[in-house]
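Below: the structure, in structure tokens.
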Amino acid sequence: SFEGRESMTGVLYVVHSLPSGGIERLLLSLCAHAKELSFSPSICCLVEEGQGAKPFKELGVPIKVFNGKSSLAPWHAPRNLYLLYQLVNHIKKLQPKVVQGEMFFAGTLSRIAAKLCHVPIILHGYHNFYTWKGPLVRWVDSLLASYTTKLITPTQAVLDFTAQQLHIPKEKFQLIPNGIEGEALRSPSPLSPKDRNKITFCSRFVEQKRPLFVAKIFQELAKLRPKLHFRAIGDGPLLPQFKAATQSLQDKLEILGRVDNALPYMRESSLLLLPSTREGFGLVPGEALLSNCLVLLSSLPPLREVYGFLGDELFLPPEATATQWAHRALELLDNKAAGEKILAKAQGKLQAYYSVEKMVKSYAKLYKP
């Protein structure tokens, strides 16, 4: 229970699970800075713990795991009602001042439970363009928004889209940009940019990240520049297909799978590729840039909003071909002087506007009545 910790604000984060993604990294940053900002975090996983739970446990964050089913389909109603009952009892026991839900399933149940328990501050995060939502889901979201204290988005692009999609006044939202990990600045690379020859893909292997398209780009680059080497970091359902599609690269490609910290690998890379079809913010490109690694990104509104100040040459439309991506990648690598200017420009502005400290303080303000 949070009772008795008068100087600390109890904050309960409700999630589906804790995989290794942007939301988990956001929550980890919040938990890591909780004590200095006088709030006490706890996590409730509605379905399973997930492989990203370890760093939270190392911080001493309490994690409660239920065994729910990640679906609001009518035939799962009895199971979800019991899950809601469990969550209500858990909130009554903890007595948090803040409940913050993430993603639709956890956000739905957490807001209902928090309302039933009269939690003073109810928050919900929208981190991407959730175009899959049909009329019924949008209606539920809009209804829950009516008593949610604040809806949080990482970019203006996501805020504008969500407000229009759900017909919610923009005043209901709070824009809090994600914090980009600045550890790279404190841990210099053993290699200067001119000595690096690795091109990296670091993401979840899911459809919207286009790992199979990245495989085609790697193959094109290997034909154009045989001395290049490639690295893929992350896991997900499309990883086996990615491995099959890149067999021809043999010893030129290193597939690492999931890693706890990608920054050391960024510091050994010359270029990061991110040809996504959908992004809400894009943490990994910022970490790459702070590691003196150039980036080549899909020209999506959120990525333009965060990284557009670095120039048009870092962007290609999602419909561009693998050959076009390969040629642009080589142009970036070959123009050393321009690359150094881009990296120098990125170092200052990204740390000034998108620091973890700034993000955490913005969340902490929302946790106060």
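Within each chain, counting starts at residue 1; across the structure tokens, chains are named A, B, ... in the order shown, with ligands numbered 1 upward in that order.
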Run DSSP on the backbone and give me the residues of stretch 27-271 of chain A it puts in alpha helix (DSSP H), as a PyMOL selection string.
-> chain A and resi 27-32+54-58+77-94+104-116+135-145+156-166+183-186+211-224+239-245+263-266
Considering only strand (DSSP E) as DSSP defines it on the backbone, what residues of stretch 61-190 of chain A qualify? List them as a PDB file with C-alpha atoms, in the first residue's frame.
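And here's part.pdb as it stands now:
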ATOM      1  CA  ILE A  63       4.958  -5.659 -10.087  1.00  0.00           C
ATOM      2  CA  LYS A  64       1.580  -7.352  -9.780  1.00  0.00           C
ATOM      3  CA  VAL A  65       0.676  -9.830 -12.533  1.00  0.00           C
ATOM      4  CA  VAL A  98      -2.580   8.383  -9.763  1.00  0.00           C
ATOM      5  CA  VAL A  99      -3.510   5.565 -12.148  1.00  0.00           C
ATOM      6  CA  GLN A 100      -1.912   5.692 -15.584  1.00  0.00           C
ATOM      7  CA  GLY A 101      -2.956   3.188 -18.269  1.00  0.00           C
ATOM      8  CA  GLU A 102      -1.116   2.357 -21.474  1.00  0.00           C
ATOM      9  CA  ILE A 121      -5.866  11.562 -11.089  1.00  0.00           C
ATOM     10  CA  ILE A 122      -6.556   9.250 -14.048  1.00  0.00           C
ATOM     11  CA  LEU A 123      -4.161   9.355 -17.005  1.00  0.00           C
ATOM     12  CA  HIS A 124      -3.894   7.537 -20.312  1.00  0.00           C
ATOM     13  CA  GLY A 125      -1.185   7.531 -22.974  1.00  0.00           C
ATOM     14  CA  LYS A 150      -5.291  14.056 -19.072  1.00  0.00           C
ATOM     15  CA  LEU A 151      -4.532  12.172 -22.282  1.00  0.00           C
ATOM     16  CA  ILE A 152      -0.792  12.148 -22.958  1.00  0.00           C
ATOM     17  CA  THR A 153       0.862  12.120 -26.392  1.00  0.00           C
ATOM     18  CA  PHE A 173      -4.469  16.404 -24.020  1.00  0.00           C
ATOM     19  CA  GLN A 174      -1.017  16.975 -22.596  1.00  0.00           C
ATOM     20  CA  LEU A 175       1.916  16.914 -25.009  1.00  0.00           C
TER      21      LEU A 175
END
Can you pull out every residue within 12 Å of A:Leu37, counting only C-alpha atoms, but drop anything in the same chain fewer than 5 positions away, and send it as a list in words?
->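 My list of contacting residues is Ser7, Met8, Thr9, Gly10, Val11, Leu30, Cys31, Ala32, Glu357, Lys358, Met359, Val360, Lys361, Ser362, Tyr363, Ala364, Lys365, Leu366, Tyr367 and Lys368 of chain A.
For the pair atom CA of A:Ser269 and atom CA of A:Leu316, the interatomic distance is 20.1 Å.
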Residues near A:Ile43, cut-off 8 Å, only C-alpha atoms, skip fewer than 5 positions along chain, as a list in words | Leu12, Tyr13, Val14, Val15, Val61, Pro62, Ile63 and Lys64 of chain A
Store the residues picked out above in a file with all heavy atoms, as a CSV table (one decimal), in the first residue's frame.
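File written: out_26.csv
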chain,number,residue,atom,x,y,z
A,12,LEU,N,0.3,4.2,-9.9
A,12,LEU,CA,0.1,2.8,-10.4
A,12,LEU,C,0.1,2.9,-11.9
A,12,LEU,O,-0.8,3.5,-12.5
A,12,LEU,CB,-1.2,2.2,-9.9
A,12,LEU,CG,-1.5,0.8,-10.4
A,12,LEU,CD1,-0.4,-0.2,-10.0
A,12,LEU,CD2,-2.9,0.3,-10.0
A,13,TYR,N,1.0,2.2,-12.6
A,13,TYR,CA,1.0,2.0,-14.0
A,13,TYR,C,0.3,0.7,-14.4
A,13,TYR,O,0.7,-0.3,-13.9
A,13,TYR,CB,2.4,2.1,-14.6
A,13,TYR,CG,3.2,3.3,-14.3
A,13,TYR,CD1,4.3,3.3,-13.4
A,13,TYR,CD2,2.8,4.5,-14.9
A,13,TYR,CE1,5.0,4.5,-13.2
A,13,TYR,CE2,3.5,5.7,-14.6
A,13,TYR,CZ,4.6,5.7,-13.7
A,13,TYR,OH,5.3,6.8,-13.5
A,14,VAL,N,-0.7,0.8,-15.3
A,14,VAL,CA,-1.4,-0.4,-15.7
A,14,VAL,C,-1.1,-0.7,-17.1
A,14,VAL,O,-1.3,0.1,-18.0
A,14,VAL,CB,-2.9,-0.3,-15.4
A,14,VAL,CG1,-3.6,-1.6,-15.8
A,14,VAL,CG2,-3.2,0.1,-14.0
A,15,VAL,N,-0.6,-1.9,-17.4
A,15,VAL,CA,-0.2,-2.3,-18.7
A,15,VAL,C,-0.7,-3.7,-19.0
A,15,VAL,O,-1.0,-4.5,-18.1
A,15,VAL,CB,1.4,-2.2,-18.9
A,15,VAL,CG1,1.9,-0.8,-18.7
A,15,VAL,CG2,2.1,-3.2,-17.9
A,61,VAL,N,10.8,-1.8,-8.2
A,61,VAL,CA,9.4,-1.5,-8.4
A,61,VAL,C,8.5,-2.7,-8.3
A,61,VAL,O,8.7,-3.7,-8.9
A,61,VAL,CB,9.3,-0.9,-9.9
A,61,VAL,CG1,7.8,-0.6,-10.2
A,61,VAL,CG2,10.2,0.3,-10.1
A,62,PRO,N,7.5,-2.6,-7.4
A,62,PRO,CA,6.6,-3.7,-7.2
A,62,PRO,C,5.8,-4.0,-8.5
A,62,PRO,O,5.3,-3.1,-9.1
A,62,PRO,CB,5.7,-3.3,-6.1
A,62,PRO,CG,6.4,-2.1,-5.4
A,62,PRO,CD,7.2,-1.5,-6.5
A,63,ILE,N,5.7,-5.3,-8.9
A,63,ILE,CA,5.0,-5.7,-10.1
A,63,ILE,C,3.9,-6.7,-9.7
A,63,ILE,O,4.3,-7.8,-9.2
A,63,ILE,CB,5.9,-6.2,-11.2
A,63,ILE,CG1,6.9,-5.2,-11.6
A,63,ILE,CG2,5.1,-6.7,-12.4
A,63,ILE,CD1,8.0,-5.7,-12.6
A,64,LYS,N,2.7,-6.4,-10.0
A,64,LYS,CA,1.6,-7.4,-9.8
A,64,LYS,C,1.1,-7.9,-11.1
A,64,LYS,O,0.9,-7.1,-12.1
A,64,LYS,CB,0.4,-6.6,-9.1
A,64,LYS,CG,-0.8,-7.5,-8.8
A,64,LYS,CD,-0.6,-8.6,-7.8
A,64,LYS,CE,-1.8,-9.3,-7.4
A,64,LYS,NZ,-1.6,-10.4,-6.4
Test item: residues at most 10 Å from stretch 337-344 of chain A, only C-alpha atoms, excluding those fewer than 6 positions along its chain, as number ranges by chain | A: 193-194, 270, 288-295, 309-311, 314, 331
Residues just named, written with N, CA, C and O atoms as a PDB file, in the first residue's frame:
ATOM      1  N   PRO A 193      33.320   8.168 -36.374  1.00  0.00           N
ATOM      2  CA  PRO A 193      32.374   7.860 -37.438  1.00  0.00           C
ATOM      3  C   PRO A 193      33.037   7.380 -38.727  1.00  0.00           C
ATOM      4  O   PRO A 193      32.510   6.494 -39.406  1.00  0.00           O
ATOM      5  N   LYS A 194      34.201   7.914 -39.057  1.00  0.00           N
ATOM      6  CA  LYS A 194      34.828   7.536 -40.324  1.00  0.00           C
ATOM      7  C   LYS A 194      35.367   6.101 -40.302  1.00  0.00           C
ATOM      8  O   LYS A 194      35.635   5.514 -41.355  1.00  0.00           O
ATOM      9  N   SER A 270      27.545   3.205 -38.364  1.00  0.00           N
ATOM     10  CA  SER A 270      27.658   4.433 -39.150  1.00  0.00           C
ATOM     11  C   SER A 270      26.303   4.980 -39.563  1.00  0.00           C
ATOM     12  O   SER A 270      26.147   6.175 -39.786  1.00  0.00           O
ATOM     13  N   ALA A 288      20.572   6.955 -31.618  1.00  0.00           N
ATOM     14  CA  ALA A 288      21.615   6.754 -32.635  1.00  0.00           C
ATOM     15  C   ALA A 288      22.373   8.055 -32.893  1.00  0.00           C
ATOM     16  O   ALA A 288      23.611   8.082 -32.915  1.00  0.00           O
ATOM     17  N   LEU A 289      21.644   9.139 -33.070  1.00  0.00           N
ATOM     18  CA  LEU A 289      22.274  10.431 -33.356  1.00  0.00           C
ATOM     19  C   LEU A 289      23.171  10.879 -32.205  1.00  0.00           C
ATOM     20  O   LEU A 289      24.249  11.434 -32.416  1.00  0.00           O
ATOM     21  N   LEU A 290      22.725  10.642 -30.965  1.00  0.00           N
ATOM     22  CA  LEU A 290      23.549  10.989 -29.815  1.00  0.00           C
ATOM     23  C   LEU A 290      24.760  10.070 -29.677  1.00  0.00           C
ATOM     24  O   LEU A 290      25.671  10.353 -28.904  1.00  0.00           O
ATOM     25  N   SER A 291      24.749   8.971 -30.424  1.00  0.00           N
ATOM     26  CA  SER A 291      25.892   8.051 -30.446  1.00  0.00           C
ATOM     27  C   SER A 291      26.772   8.288 -31.669  1.00  0.00           C
ATOM     28  O   SER A 291      27.578   7.438 -32.031  1.00  0.00           O
ATOM     29  N   ASN A 292      26.581   9.442 -32.321  1.00  0.00           N
ATOM     30  CA  ASN A 292      27.332   9.786 -33.537  1.00  0.00           C
ATOM     31  C   ASN A 292      27.083   8.808 -34.671  1.00  0.00           C
ATOM     32  O   ASN A 292      27.979   8.478 -35.447  1.00  0.00           O
ATOM     33  N   CYS A 293      25.841   8.338 -34.756  1.00  0.00           N
ATOM     34  CA  CYS A 293      25.429   7.445 -35.838  1.00  0.00           C
ATOM     35  C   CYS A 293      24.354   8.164 -36.644  1.00  0.00           C
ATOM     36  O   CYS A 293      23.335   8.601 -36.095  1.00  0.00           O
ATOM     37  N   LEU A 294      24.562   8.303 -37.939  1.00  0.00           N
ATOM     38  CA  LEU A 294      23.575   8.953 -38.796  1.00  0.00           C
ATOM     39  C   LEU A 294      22.316   8.098 -38.910  1.00  0.00           C
ATOM     40  O   LEU A 294      22.336   6.895 -38.614  1.00  0.00           O
ATOM     41  N   VAL A 295      21.226   8.709 -39.354  1.00  0.00           N
ATOM     42  CA  VAL A 295      19.958   7.984 -39.495  1.00  0.00           C
ATOM     43  C   VAL A 295      19.342   8.269 -40.860  1.00  0.00           C
ATOM     44  O   VAL A 295      19.537   9.332 -41.439  1.00  0.00           O
ATOM     45  N   PHE A 309      14.517  19.067 -38.229  1.00  0.00           N
ATOM     46  CA  PHE A 309      15.466  20.186 -38.202  1.00  0.00           C
ATOM     47  C   PHE A 309      16.841  19.797 -38.741  1.00  0.00           C
ATOM     48  O   PHE A 309      17.662  20.651 -39.055  1.00  0.00           O
ATOM     49  N   LEU A 310      17.085  18.489 -38.878  1.00  0.00           N
ATOM     50  CA  LEU A 310      18.386  18.021 -39.350  1.00  0.00           C
ATOM     51  C   LEU A 310      18.507  17.993 -40.868  1.00  0.00           C
ATOM     52  O   LEU A 310      19.601  17.804 -41.396  1.00  0.00           O
ATOM     53  N   GLY A 311      17.378  18.171 -41.581  1.00  0.00           N
ATOM     54  CA  GLY A 311      17.462  18.258 -43.031  1.00  0.00           C
ATOM     55  C   GLY A 311      16.702  17.173 -43.764  1.00  0.00           C
ATOM     56  O   GLY A 311      16.525  16.058 -43.261  1.00  0.00           O
ATOM     57  N   LEU A 314      17.760  13.237 -44.621  1.00  0.00           N
ATOM     58  CA  LEU A 314      17.621  12.100 -43.709  1.00  0.00           C
ATOM     59  C   LEU A 314      16.279  11.388 -43.852  1.00  0.00           C
ATOM     60  O   LEU A 314      16.006  10.450 -43.096  1.00  0.00           O
ATOM     61  N   GLU A 331      24.870   7.891 -50.088  1.00  0.00           N
ATOM     62  CA  GLU A 331      25.095   9.339 -50.203  1.00  0.00           C
ATOM     63  C   GLU A 331      25.398   9.939 -48.829  1.00  0.00           C
ATOM     64  O   GLU A 331      26.301  10.775 -48.674  1.00  0.00           O
TER      65      GLU A 331
END
Take atom CA of A:Leu87 and atom CA of A:Gln165 and report the distance between them in Å, one decimal.
-> 28.5 Å
Give me the residues within 10 Å of A:Gly22 as a PyMOL selection string, counting only C-alpha atoms and dropping any in the same chain fewer than 6 places off.
-> chain A and resi 28+127+178+203-204+280-284
Measuring atom to atom with only C-alpha atoms, identify which of A:Arg231, A:Lys69, A:His118, A:Arg138 is nearest to A:Gln95.
->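 Once distances to A:Gln95 are computed over only C-alpha atoms, the minimum belongs to A:His118.
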Counting only C-alpha atoms, what is within 12 Å of A:Ser146, bar same-chain residues fewer than 6 positions away, as a PyMOL selection string?
-> chain A and resi 111-112+115+122-124+139-140+166-169+171-173
Just all heavy atoms for this one: save the residues we selected as a compact mmCIF listing (two decimals), in the first residue's frame.
# COMPACT_ATOMS: atom_id res chain seq x y z
N ARG A 111 -8.96 2.67 -16.45
CA ARG A 111 -9.76 3.88 -16.24
C ARG A 111 -11.11 3.57 -15.60
O ARG A 111 -11.61 4.33 -14.78
CB ARG A 111 -9.92 4.64 -17.56
CG ARG A 111 -8.62 5.36 -17.96
CD ARG A 111 -8.80 6.23 -19.17
NE ARG A 111 -8.75 5.44 -20.41
CZ ARG A 111 -8.90 5.96 -21.62
NH1 ARG A 111 -9.15 7.25 -21.76
NH2 ARG A 111 -8.83 5.19 -22.70
N ILE A 112 -11.69 2.44 -15.97
CA ILE A 112 -12.94 2.03 -15.32
C ILE A 112 -12.69 1.74 -13.84
O ILE A 112 -13.42 2.21 -12.96
CB ILE A 112 -13.54 0.79 -16.02
CG1 ILE A 112 -13.97 1.14 -17.45
CG2 ILE A 112 -14.73 0.25 -15.23
CD1 ILE A 112 -14.40 -0.06 -18.27
N LYS A 115 -11.94 4.90 -11.82
CA LYS A 115 -13.16 5.67 -11.59
C LYS A 115 -13.98 5.04 -10.46
O LYS A 115 -14.49 5.74 -9.57
CB LYS A 115 -13.98 5.73 -12.87
CG LYS A 115 -15.27 6.54 -12.76
CD LYS A 115 -14.99 8.01 -12.59
CE LYS A 115 -16.28 8.83 -12.66
NZ LYS A 115 -16.02 10.27 -12.42
N ILE A 122 -6.49 10.37 -13.11
CA ILE A 122 -6.56 9.25 -14.05
C ILE A 122 -5.93 9.70 -15.37
O ILE A 122 -6.38 10.67 -15.98
CB ILE A 122 -8.01 8.79 -14.27
CG1 ILE A 122 -8.68 8.44 -12.93
CG2 ILE A 122 -8.06 7.60 -15.22
CD1 ILE A 122 -10.16 8.12 -13.04
N LEU A 123 -4.89 8.98 -15.80
CA LEU A 123 -4.16 9.35 -17.01
C LEU A 123 -4.15 8.20 -18.00
O LEU A 123 -4.27 7.03 -17.63
CB LEU A 123 -2.72 9.73 -16.65
CG LEU A 123 -2.51 10.82 -15.60
CD1 LEU A 123 -1.04 10.94 -15.23
CD2 LEU A 123 -3.06 12.15 -16.09
N HIS A 124 -3.99 8.57 -19.27
CA HIS A 124 -3.89 7.54 -20.31
C HIS A 124 -2.98 8.04 -21.42
O HIS A 124 -3.03 9.22 -21.79
CB HIS A 124 -5.27 7.20 -20.88
CG HIS A 124 -5.23 6.14 -21.95
ND1 HIS A 124 -4.83 4.85 -21.68
CD2 HIS A 124 -5.50 6.18 -23.28
CE1 HIS A 124 -4.89 4.15 -22.81
NE2 HIS A 124 -5.27 4.94 -23.78
N TRP A 139 -15.81 4.85 -29.78
CA TRP A 139 -16.86 5.31 -28.86
C TRP A 139 -16.45 5.04 -27.41
O TRP A 139 -16.61 5.91 -26.53
CB TRP A 139 -18.18 4.60 -29.17
CG TRP A 139 -19.29 4.98 -28.23
CD1 TRP A 139 -20.05 6.11 -28.25
CD2 TRP A 139 -19.73 4.22 -27.09
NE1 TRP A 139 -20.94 6.10 -27.21
CE2 TRP A 139 -20.77 4.96 -26.48
CE3 TRP A 139 -19.36 2.99 -26.55
CZ2 TRP A 139 -21.43 4.50 -25.34
CZ3 TRP A 139 -20.01 2.54 -25.41
CH2 TRP A 139 -21.04 3.29 -24.82
N VAL A 140 -15.92 3.85 -27.14
CA VAL A 140 -15.46 3.51 -25.79
C VAL A 140 -14.35 4.47 -25.37
O VAL A 140 -14.35 5.01 -24.25
CB VAL A 140 -14.96 2.05 -25.74
CG1 VAL A 140 -14.25 1.77 -24.40
CG2 VAL A 140 -16.12 1.08 -25.93
N LEU A 166 -11.12 10.72 -32.29
CA LEU A 166 -12.03 10.44 -31.19
C LEU A 166 -12.97 11.60 -30.88
O LEU A 166 -13.78 11.50 -29.96
CB LEU A 166 -11.23 10.08 -29.93
CG LEU A 166 -10.26 8.89 -30.06
CD1 LEU A 166 -9.52 8.66 -28.75
CD2 LEU A 166 -11.00 7.64 -30.49
N HIS A 167 -12.82 12.71 -31.62
CA HIS A 167 -13.65 13.89 -31.41
C HIS A 167 -13.53 14.38 -29.96
O HIS A 167 -14.53 14.61 -29.26
CB HIS A 167 -15.12 13.60 -31.75
CG HIS A 167 -15.31 13.08 -33.15
ND1 HIS A 167 -15.14 13.86 -34.26
CD2 HIS A 167 -15.61 11.83 -33.61
CE1 HIS A 167 -15.36 13.14 -35.34
NE2 HIS A 167 -15.65 11.91 -34.98
N ILE A 168 -12.30 14.53 -29.52
CA ILE A 168 -12.00 14.98 -28.16
C ILE A 168 -11.34 16.36 -28.25
O ILE A 168 -10.46 16.57 -29.07
CB ILE A 168 -11.03 14.00 -27.46
CG1 ILE A 168 -11.69 12.62 -27.34
CG2 ILE A 168 -10.64 14.51 -26.08
CD1 ILE A 168 -10.73 11.54 -26.84
N PRO A 169 -11.76 17.31 -27.42
CA PRO A 169 -11.12 18.64 -27.44
C PRO A 169 -9.62 18.54 -27.15
O PRO A 169 -9.20 17.77 -26.28
CB PRO A 169 -11.85 19.40 -26.32
CG PRO A 169 -13.12 18.67 -26.12
CD PRO A 169 -12.86 17.24 -26.44
N GLU A 171 -7.83 20.47 -25.59
CA GLU A 171 -7.50 20.90 -24.23
C GLU A 171 -7.39 19.71 -23.26
O GLU A 171 -6.82 19.83 -22.18
CB GLU A 171 -8.55 21.88 -23.71
CG GLU A 171 -8.61 23.20 -24.45
CD GLU A 171 -9.25 23.09 -25.83
OE1 GLU A 171 -10.05 22.14 -26.04
OE2 GLU A 171 -8.94 23.93 -26.70
N LYS A 172 -7.97 18.58 -23.66
CA LYS A 172 -7.95 17.40 -22.81
C LYS A 172 -6.58 16.70 -22.84
O LYS A 172 -6.28 15.85 -22.00
CB LYS A 172 -9.03 16.41 -23.28
CG LYS A 172 -9.38 15.31 -22.32
CD LYS A 172 -10.21 15.82 -21.16
CE LYS A 172 -10.67 14.71 -20.27
NZ LYS A 172 -11.43 15.20 -19.11
N PHE A 173 -5.74 17.08 -23.81
CA PHE A 173 -4.47 16.40 -24.02
C PHE A 173 -3.33 17.16 -23.35
O PHE A 173 -3.38 18.36 -23.14
CB PHE A 173 -4.17 16.28 -25.52
CG PHE A 173 -5.07 15.33 -26.25
CD1 PHE A 173 -6.32 15.74 -26.69
CD2 PHE A 173 -4.67 14.04 -26.51
CE1 PHE A 173 -7.16 14.87 -27.37
CE2 PHE A 173 -5.50 13.16 -27.19
CZ PHE A 173 -6.74 13.57 -27.63
d(atom CA of A:Ala326, atom CA of A:Gln250) in Å |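 These two atoms are separated by 18.7 Å.
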Residue among A:Asp251, A:Asp334, A:Glu181, A:Asp260 lying closest to A:Pro226, counting only C-alpha atoms = A:Asp251
